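Only one structure is covered here, and it is reproduced in the block below.
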Amino acid sequence: MKNIWSEEYKLKKMLDVEILACEIQTEKGRIPKESLENIKRKAKFDIVRVKEIENDVKHDVIAFLTAVAENVGEDSRFIHMGLTSSDVLDTALAVILKESIEIIREDIKELLLVLKEKAYLYKNIPCIGRTHGIHAEPMTLGLKFTLWYSDMQRNLERLDEIEKRVAVGKISGAVGTFSNLDPCVEEYVCKKLGLNFAKISTQVIQRDRHAEYLSCFALVAGVVEKIAVELRNLQRTDIHEVEESFSSNQKGSSAMPHKKNPISGENITGLSRVIRNNSISGLEDIALWHERDISHSSVERIVLPDSSILLDYILVRLTKLIKNLKIFPENIKNNLYKTHGLFFSQRLMISLVEKGITREKAYKLVQTLSMTSWDKKIPLKNLVLENNEIMALINEEKVNEIFNIEYFLRNIDNIYNRVFL
C-alpha cells in the first residue's frame, strides 16, 4: 500500500495516461506513428529531476512533463496535447484508488478467514452477553466472531459499491467540454486502465467520489475499532476472558513489571480515529469554486494516502491479534455465573406469564427475587424453589427446565447457518 501511494508511482501512472492518450490520438491521425514509437521508447522520468524542475516552475505537472520531454526530445510536443493537468492527475489517482481498494479487499478476506475459524472454534463456549456493560443473558463466545464476520462481509460489499464510483477517470480538458480533444480519447484511456469514465466532468472528477472513498474507509475502520474495543474490554483484569499475545521479552509498563496491556487494540482504536476524521476532510472537499479550484489538492495529498495506508495497517494488525488471541475458558465460566443465575430472570418471568398471571405481576415477583439474589449472593434458583407463590404455579421439574442454560443456546446453529451458509 505504501508503494502505490509513493510520488514515483503516481508519476508512473501519470505517464501511462499520457502515453495512452498519445496512442489513441495516433490512431485518429493527430500524431505520426513514428512519433508515437519514439515517445513509447524514450518516455521516462527521474523523480529527482522532476523535483528540481518543480522547485523552479512551481507546478508539479509541468515539471513532470518537462522531465519527460528532456528524454523524448522533439516528439514530446505531442505529449499532453489537448489535455489539462487534472486530466492526468485525476485519472492516475483513480488507478491508485482502485488498486488501494483491491488491497483492502484482500486484507478483509484474510480477516474473514480468521474470524470464521474462531467462530467455529468457540461456537459452543457459553459466555455472558452484556448490555450497558451489565450482565444480560448467555450467548457463546463464537457468536462474537460470527457477528464480526457478518460486519466484514458488509464491508466487502461497500468496497464493491464504491469501486464503481471511485475507479473513474476523465480526460475532457480545461472545463470538461472536450474543447481540444475527442471524447474517444477519454473512453480509450479509461478502458485501457480498467476505469470507467465520467459521464460529465468539469476540470476535475467530482469530489463526492473521493469523499465516499474516505467515508467507506472510515466505516471499515469503525468496524475494526469496534472489534478492538470489545477485545480490549474482555482483557480487562476484572473480566479477563481473552488476552492479546505477549512475547517473552515484551514489557507492559516502565513502572509496573506485572502489566500486560492491550496495546494492539489500543493502537488500532487510535488509528481508527484518524481515518474517521479524515473522512470529514473529504466531505469538505466536495464544494469547489465554479469548474474547479485547488483547495482539495493539498487535503487529498494527506488524507487519501494516510487513510489508505492506515486502514491496510490496522486490518493486518487486527487479523494478527485475533489469530494469536488467548482465551480463558475458566474465567468465561466464572463470569457467566457471577450473578448467581440472574440471567434466567426473563425465562422465569415468561414461564409465570404462561401460567396465567399478568406480566406486571410476574415482573415484580422476579425482580424482587433477583434483587435479593444479587444483594445476598444467593442463587436465584434457590430463592425460586423457596417461594410459595411461584411454586404454586410451577413444580420443581419446571424450575429445573427454566434454569437450563441450553435454552438460551438452542438457536445458535440457525444463526451460524444464516451467516456462513
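As shown in the C-alpha cells, the chain order sets the letters A, B, ...; within each chain, residues go from 1, and ligands are also counted from 1 in the order they appear.
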Subject >> alpha helix (DSSP H) positions in segment 49-212 of chain A, given as JSON, numbers by chain >> reply: {"A": [49, 50, 51, 52, 53, 54, 55, 56, 57, 60, 61, 62, 63, 64, 65, 66, 67, 68, 69, 70, 71, 72, 85, 86, 87, 88, 89, 90, 91, 92, 93, 94, 95, 96, 97, 98, 99, 100, 101, 102, 103, 104, 105, 106, 107, 108, 109, 110, 111, 112, 113, 114, 115, 116, 117, 118, 119, 120, 121, 141, 142, 143, 144, 145, 146, 147, 148, 149, 150, 151, 152, 153, 154, 155, 156, 157, 158, 159, 160, 161, 162, 163, 164, 165, 166, 183, 184, 185, 186, 187, 188, 189, 190, 191, 192, 208, 209, 210, 211, 212]}
**OP:** Quick one: everything within 7 Å of Met139 of chain A, counting only C-alpha atoms, minus sequence neighbours fewer than 5 positions away in the same chain. Send it as a ChimeraX atom specification.
**Re:** /A:126-129,408-409
Those residues you just picked out, can you put them in a file as a short mmCIF file (atom, residue, chain, number, x, y, z; two decimals), in the first residue's frame with N, CA, C and O atoms?
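Output below, filename again_17.cif:
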data_model
loop_
_atom_site.label_atom_id
_atom_site.label_comp_id
_atom_site.auth_asym_id
_atom_site.auth_seq_id
_atom_site.Cartn_x
_atom_site.Cartn_y
_atom_site.Cartn_z
N PRO A 126 -20.21 -21.21 26.11
CA PRO A 126 -21.15 -20.22 26.63
C PRO A 126 -20.42 -19.08 27.34
O PRO A 126 -19.42 -19.29 28.02
N CYS A 127 -20.91 -17.87 27.13
CA CYS A 127 -20.37 -16.72 27.85
C CYS A 127 -21.52 -15.77 28.13
O CYS A 127 -22.60 -15.91 27.56
N ILE A 128 -21.29 -14.83 29.01
CA ILE A 128 -22.35 -13.89 29.32
C ILE A 128 -22.39 -12.78 28.27
O ILE A 128 -21.35 -12.28 27.85
N GLY A 129 -23.56 -12.44 27.83
CA GLY A 129 -23.73 -11.26 26.99
C GLY A 129 -23.92 -10.04 27.88
O GLY A 129 -24.44 -10.16 29.00
N PHE A 408 -30.98 -21.00 26.15
CA PHE A 408 -30.52 -19.77 25.51
C PHE A 408 -29.71 -20.04 24.23
O PHE A 408 -29.56 -19.14 23.40
N LEU A 409 -29.23 -21.24 24.10
CA LEU A 409 -28.29 -21.53 23.02
C LEU A 409 -28.92 -22.39 21.93
O LEU A 409 -28.23 -22.82 21.01
#
Original post:
Counting only C-alpha atoms, what is within 8 Å of segment 381-385 of chain A, bar same-chain residues fewer than 4 positions away, as a ChimeraX atom specification?
Top reply: /A:341,369,373,390-391,396,399,403
Using only N, CA, C and O atoms, please write the residues we just selected to a file, as a JSON list (two decimals), in the first residue's frame.
[["chain", "number", "residue", "atom", "x", "y", "z"],
["A", 341, "GLY", "N", -27.02, -16.77, 38.61],
["A", 341, "GLY", "CA", -28.15, -17.22, 37.79],
["A", 341, "GLY", "C", -29.18, -16.16, 37.48],
["A", 341, "GLY", "O", -30.29, -16.48, 37.04],
["A", 369, "LEU", "N", -37.12, -11.11, 43.67],
["A", 369, "LEU", "CA", -36.20, -12.22, 43.96],
["A", 369, "LEU", "C", -34.81, -11.95, 43.40],
["A", 369, "LEU", "O", -33.80, -12.30, 44.02],
["A", 373, "SER", "N", -31.37, -11.93, 45.41],
["A", 373, "SER", "CA", -30.28, -12.82, 44.98],
["A", 373, "SER", "C", -28.97, -12.05, 44.85],
["A", 373, "SER", "O", -27.92, -12.49, 45.32],
["A", 390, "ILE", "N", -44.58, -18.64, 43.72],
["A", 390, "ILE", "CA", -44.12, -19.16, 42.42],
["A", 390, "ILE", "C", -44.33, -20.66, 42.34],
["A", 390, "ILE", "O", -44.80, -21.19, 41.33],
["A", 391, "MET", "N", -43.99, -21.37, 43.44],
["A", 391, "MET", "CA", -44.09, -22.82, 43.41],
["A", 391, "MET", "C", -45.53, -23.31, 43.38],
["A", 391, "MET", "O", -45.80, -24.48, 43.08],
["A", 396, "GLU", "N", -41.03, -28.34, 40.67],
["A", 396, "GLU", "CA", -39.57, -28.35, 40.68],
["A", 396, "GLU", "C", -39.01, -28.77, 39.32],
["A", 396, "GLU", "O", -37.97, -28.26, 38.89],
["A", 399, "VAL", "N", -38.93, -25.80, 37.22],
["A", 399, "VAL", "CA", -37.85, -24.90, 37.65],
["A", 399, "VAL", "C", -36.52, -25.36, 37.05],
["A", 399, "VAL", "O", -35.74, -24.55, 36.54],
["A", 403, "PHE", "N", -34.13, -23.19, 34.48],
["A", 403, "PHE", "CA", -32.75, -22.85, 34.82],
["A", 403, "PHE", "C", -31.74, -23.73, 34.08],
["A", 403, "PHE", "O", -30.68, -24.05, 34.60]]
Subject >> For Pro379 of chain A: contacts at 12 Å, only C-alpha atoms, fewer than 6 positions along chain excluded, given as a list in words >> reply: Tyr337, Lys338, Thr339, His340, Gly341, Leu342, Phe343, Phe344, Ser345, Leu369, Ser370, Met371, Thr372, Ser373, Leu385, Glu386 and Phe403 of chain A
**OP:** Using only C-alpha atoms, determine which residues lie at most 6 Å from segment 305-318 of chain A, disregarding the query and same-chain residues fewer than 4 positions distant; provide the list as a list in words.
**Re:**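 Everything that qualifies: Met1, Trp5, Ile104, Ile268 and Ile275 of chain A.
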Original post:
Near Ile101 of chain A, counting only C-alpha atoms, which residues have an atom at most 12 Å away, once you skip same-chain residues fewer than 5 positions from it, shown as a ChimeraX atom specification?
Top reply: /A:1,4,94-96,106-108,155-167,213-214,216-217,220,304-305,307-309,311-312
Output the selection as a CSV table (one decimal), in the first residue's frame - N, CA and C atoms for each residue.
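Output contents, as saved in part_3.csv:
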chain,number,residue,atom,x,y,z
A,1,MET,N,0.8,-1.2,0.0
A,1,MET,CA,0.0,0.0,0.0
A,1,MET,C,0.9,1.3,0.0
A,4,ILE,N,2.2,2.1,-3.6
A,4,ILE,CA,1.3,2.6,-4.6
A,4,ILE,C,0.9,4.1,-4.3
A,94,ALA,N,-7.3,7.8,-9.9
A,94,ALA,CA,-8.4,6.8,-9.9
A,94,ALA,C,-7.8,5.4,-10.0
A,95,VAL,N,-6.7,5.3,-10.7
A,95,VAL,CA,-6.0,4.0,-10.8
A,95,VAL,C,-5.5,3.6,-9.4
A,96,ILE,N,-4.9,4.6,-8.7
A,96,ILE,CA,-4.3,4.3,-7.4
A,96,ILE,C,-5.4,4.0,-6.4
A,106,GLU,N,-8.4,-7.6,-0.1
A,106,GLU,CA,-7.7,-8.8,0.2
A,106,GLU,C,-7.4,-8.9,1.7
A,107,ASP,N,-7.2,-7.7,2.3
A,107,ASP,CA,-7.0,-7.7,3.8
A,107,ASP,C,-8.2,-8.2,4.5
A,108,ILE,N,-9.4,-7.7,4.0
A,108,ILE,CA,-10.7,-8.1,4.7
A,108,ILE,C,-10.9,-9.6,4.5
A,155,ASN,N,-18.7,-4.9,4.7
A,155,ASN,CA,-17.6,-4.0,4.3
A,155,ASN,C,-17.1,-4.4,2.9
A,156,LEU,N,-17.0,-5.7,2.6
A,156,LEU,CA,-16.7,-6.1,1.2
A,156,LEU,C,-17.7,-5.6,0.2
A,157,GLU,N,-19.0,-5.7,0.6
A,157,GLU,CA,-20.0,-5.2,-0.3
A,157,GLU,C,-19.8,-3.7,-0.5
A,158,ARG,N,-19.5,-2.9,0.5
A,158,ARG,CA,-19.3,-1.5,0.4
A,158,ARG,C,-18.1,-1.2,-0.6
A,159,LEU,N,-17.0,-2.0,-0.4
A,159,LEU,CA,-15.9,-1.8,-1.3
A,159,LEU,C,-16.3,-2.0,-2.8
A,160,ASP,N,-17.1,-3.0,-3.0
A,160,ASP,CA,-17.5,-3.3,-4.4
A,160,ASP,C,-18.3,-2.1,-4.9
A,161,GLU,N,-19.2,-1.5,-4.1
A,161,GLU,CA,-20.0,-0.4,-4.5
A,161,GLU,C,-19.2,0.8,-4.8
A,162,ILE,N,-18.3,1.2,-3.9
A,162,ILE,CA,-17.6,2.4,-4.1
A,162,ILE,C,-16.6,2.3,-5.2
A,163,GLU,N,-16.1,1.1,-5.5
A,163,GLU,CA,-15.2,1.0,-6.6
A,163,GLU,C,-15.8,1.4,-7.9
A,164,LYS,N,-17.1,1.2,-8.1
A,164,LYS,CA,-17.8,1.6,-9.3
A,164,LYS,C,-17.7,3.1,-9.5
A,165,ARG,N,-17.8,3.8,-8.4
A,165,ARG,CA,-17.9,5.3,-8.4
A,165,ARG,C,-16.5,6.0,-8.2
A,166,VAL,N,-15.5,5.3,-7.7
A,166,VAL,CA,-14.2,5.9,-7.5
A,166,VAL,C,-13.3,5.6,-8.6
A,167,ALA,N,-13.4,4.4,-9.2
A,167,ALA,CA,-12.4,4.0,-10.3
A,167,ALA,C,-12.9,4.6,-11.6
A,213,TYR,N,-15.1,7.4,-0.9
A,213,TYR,CA,-14.0,6.5,-0.7
A,213,TYR,C,-13.5,6.7,0.8
A,214,LEU,N,-13.3,7.9,1.2
A,214,LEU,CA,-12.8,8.1,2.6
A,214,LEU,C,-13.9,7.7,3.6
A,216,CYS,N,-16.2,5.4,3.2
A,216,CYS,CA,-16.2,3.9,3.3
A,216,CYS,C,-15.1,3.4,4.1
A,217,PHE,N,-13.9,4.0,3.9
A,217,PHE,CA,-12.7,3.5,4.7
A,217,PHE,C,-13.0,3.8,6.2
A,220,VAL,N,-15.2,1.1,7.5
A,220,VAL,CA,-14.4,-0.2,7.7
A,220,VAL,C,-13.6,0.0,9.0
A,304,LEU,N,-5.9,11.0,1.6
A,304,LEU,CA,-6.1,9.8,0.8
A,304,LEU,C,-5.0,8.7,1.1
A,305,PRO,N,-3.7,9.1,1.0
A,305,PRO,CA,-2.7,8.1,1.3
A,305,PRO,C,-2.7,7.7,2.8
A,307,SER,N,-5.2,7.6,5.0
A,307,SER,CA,-6.4,6.7,5.3
A,307,SER,C,-6.2,5.3,4.7
A,308,SER,N,-5.6,5.3,3.4
A,308,SER,CA,-5.4,4.0,2.8
A,308,SER,C,-4.4,3.2,3.5
A,309,ILE,N,-3.2,3.8,3.8
A,309,ILE,CA,-2.1,3.1,4.4
A,309,ILE,C,-2.5,2.7,5.8
A,311,LEU,N,-5.6,2.1,7.1
A,311,LEU,CA,-6.6,1.1,7.1
A,311,LEU,C,-6.0,-0.3,6.7
A,312,ASP,N,-5.1,-0.3,5.8
A,312,ASP,CA,-4.3,-1.5,5.5
A,312,ASP,C,-3.6,-2.0,6.7
Original post:
What does the distance from atom CA of Glu186 of chain A to atom CA of Lys170 of chain A come to in Å, to one decimal?
Top reply: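 We find that atom CA of Glu186 of chain A and atom CA of Lys170 of chain A lie 6.1 Å from each other.
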